[in-house]
Amino acid sequence: MEEQLNLFLKSLIPESIDFSVEPSARPDFGHYATNVAMKLASVRGEAPLTIAEQIAKDAREKGMHLLSRVEVARPGFINFWLSDSALEEGMKGVLSAGKKWGRPASRAGSGKPTKNEKKTIVIDYSHPNIAKPMSVAHLRSTIIGAALYNVFAFSGWKTVGDNHLGDWGKQFGVLIAAYKEISNLKNKKSNIKIEDLLVLYVDYTARMKENPELEESARRETKKLQEGDRENTAIWKLFYKISLAEFKKAYSLLGVSFDYYLGESFYKSMLPEIVQEALYRGIAERSEGAVIIPHEGIPSFVIQKSDEAFLYSTTDLAAIKYRREKFKADTVLYVVDNGQSLHFEQLFRSAEKLGFVGSMQLMHVKFGLVLAEDMKKLSTRAGRHVALLEVIHEAVDRAQKIVDEKRADITKRKREKIAKAVGIAALKYNDLSQNRQSDITFRWDAMLSFEGNSAPYLLYSYARIKSILRKAGRFSRGKVVFTNDAERNLAIMVMRFPGVLDKVRETFFPHYLAEYLYELAKTVNSFYENIPVLKAEKEMRRSRISLVASAAETLNTGLTLLGIQTVETM
RNA sequence: GUCCUCGUAGCUUAAUGGAUAAAGCAGGACUCUUCUAAGGUCUUGAUGGGGGUUCGAUUCCCUCCGAGGACACCA
């Protein structure tokens with residue numbers, strides 16, 4: 001609808017300039033508003049209000065099939081009210097699109113992308129480290145990445161979800177050295193758990209600080225692993241297997257999946273060549289025995305250590321090259337916390353110099369760190385760690401208590417199913433409803449909200465509409481007609497959906513979708529509170545059922561894109 | 001010390017150049033003889049300080065104050 005108005009306005013003015021058509025902030029500002037007159041004012045050097053009046057007059061004459069009212073407001077906005085026939089037409093489009101409502105192709109005026117136009121986006125998210133349990137910090141990357149993945153996939157992009165596991169590097173030297181210490185004493189390889197690995201790691205790291213011999217030993221094990229030593233490779237494979245099984249438990253609970261698990265180790269064969277090429281072309285240089293890529297204004301990027309080992313910087317360069325060559329990526333998103341801003345700046349600039357980038361867009365989709373209540377970073381290395389599985393279970397437990405209390409009337413099995421969906425949804429929505437790049441303080445209560453602007457609210461709204469629809473029995477969706485503003489507002493809210501998805505794809509911020517779904521749910525709740533649906537007369541009943549059903553479908557689609565599973569009853 | 005992110009109501013957040021700064025929680029007042037009260041309706045309350053750019057600044061620039069993070073051979 002925004003697009004239609006946009007095109008209409010463009011037809012009214014001779015200049016081609018950028019302006020916006022947006023849903024109005026308040027009911028008395030109409031359904032949509034544009035700032036076109038204010039933008040023109042600076043171009044033409046005339047008063048915004050005068051221009052607005054001219055355009056409004058034009059719009060009234062030429063746009064009556066679309067608009068019922070056009071008004072000018074200070075300091076130069078033009079507000080539009082859609083006509084009932086335009087709303088009817090719009091809802092017809094929504095109903096005929098069905099489950100596909102929201103896809104770019106489902107809108108009038110924009111054809112399906114042809115094969116050649118289809119763009120590819122690689123999304124690098126979650127990326128936990130092997131041999132360390134996933135923490136709450138990984139949760140953010142995982143669910144933000146998954147939501148972006150869903151939105152792009154739904155919108156017709158070719159999407160590649162890549163879990164760039166931290167499965168290579170110095171940490172394994174530490175772990176292997178620590179593991180060898182204990183496995184010499186008792187050989188109990190088979191039942192070692194990921195938590196044990198964390199303990200080994202933290203303990204060894206602590207002792208290493210006081211004992212340089214241990215550090216040297218860890219360094220040696222790293223080197224041996226990287227050179228393909230058989231024993232160390234076997235131990236590494238064991239860690240890998242244990243860890244991945246553990247990660248997949250969390251992914252399964254969260255309903256997240258990946259197309260690829262191309263961890264750091266995957267790129268190891270590409271690394272020597274990259275460093276050599278960089279040196280040969282004079283992009284990299286030697287410094288204090290290491291190989292670095294220098295940059296203006298920011299610290300140099302070390303791509304090979306003085307002991308000739310490679311680093312994650314080297315791996316990341318290889319991954320950029322691979323993603324361009326193999327996946328033909330147009331865009332690569334790195335869903336990683338703020339703490340690594342400098343790394344990505346160095347990485348992107350280095351890759352650019354090496355010619356790995358071309359027209360590809362590289363984007364660090366950053367988010368704030370998860371801090372403990374004392375405002376200090378939660379770090380695995382410091383042994384400050386909140387396990388992700390623990391958080392998920394806590395969320396479900398808390399939801400269970402509430403469901404048991406509210407729905408004693410249904411079976412235990414149903415209550416458990418609802419609790420699982422609601423608990424996990426609450427956890428996800430908490431992150432997805434914020435765009436904050438500032439840090440987050442980890443607190444159970446804040447993380448698991450069950451009231452107000454929260455996932456349970458959205459799920460509840462959906463469940464209530466579904467309940468109405470069940471009671472409606474068999475019905476055919478028909479023409480939506482408009483007799484009051486509650487109906488008009490709900491229809492407009494539903495029609496905003498595709499524009500919201502556009503915004504998510506432009507900004508890479510899923511919270512615009514979360515915010516929209518909350519607005520939609522509020523509008524629906526208020527609608528069925530005030531307007532009878534099932535008790536309405538024949539024509540009206542069918543119209544309102546259709547309207548409410550399309551709102552439910554939009555909620556369902558939107559929540560699914562956020563990675564939140566809806567429930568029919570709660 | 002340098003750089004990055006950030007500072008909005010008592011708390012958690014929204015608004016990234018547009019209108020009277022928007023919500024949730026907490027507080028106060030209503031609302032279950034009508035489609036699920038995890039709901040609905042009303043209400044109290046905020047842009048860290050100071051300059052600047054602009055028709056218009058929470059948003060851009062400068063400066064001060066405050067928080068967190070990063071700063072070459074960890075990932």
# chains A, B, ... in the order shown; residues from 1 in each chain; ligands from 1
$ interface_residues --of "chain B" --to "chain A" --cutoff "7 Å" --atoms "only C-alpha atoms (C1' of nucleotides)" --output "ChimeraX atom specification"
/B:4-6,24,35-36,38,40,68-70,72-75
$ select_by_dssp --residues "segment 301-473 of chain A" --states "alpha helix (DSSP H)" --output "count of residues only"
88
$ residues_around --residues "segment 57-59 of chain B" --least-positions-apart "2" --cutoff "8 Å" --atoms "only C-alpha atoms (C1' of nucleotides)" --output "PyMOL selection string"
chain B and resi 8+15-17+21+47
$ write_last_selection --atoms "C-alpha atoms (C1' of nucleotides)" --output "compact mmCIF listing (two decimals), in the first residue's frame"
# COMPACT_ATOMS: atom_id res chain seq x y z
C1' U B 8 15.36 8.36 26.73
C1' A B 15 11.58 6.25 17.76
C1' U B 16 18.52 7.14 13.20
C1' G B 17 16.28 14.34 10.24
C1' A B 21 8.97 11.51 22.18
C1' U B 47 15.64 12.64 25.83
$ residues_around --residues "Val136 of chain A" --least-positions-apart "3" --cutoff "12 Å" --atoms "only C-alpha atoms (C1' of nucleotides)" --output "PyMOL selection string"
chain A and resi 126+128+133+139-143+250+337+369-372+377-380+384-392+427-428+431+440-444+447
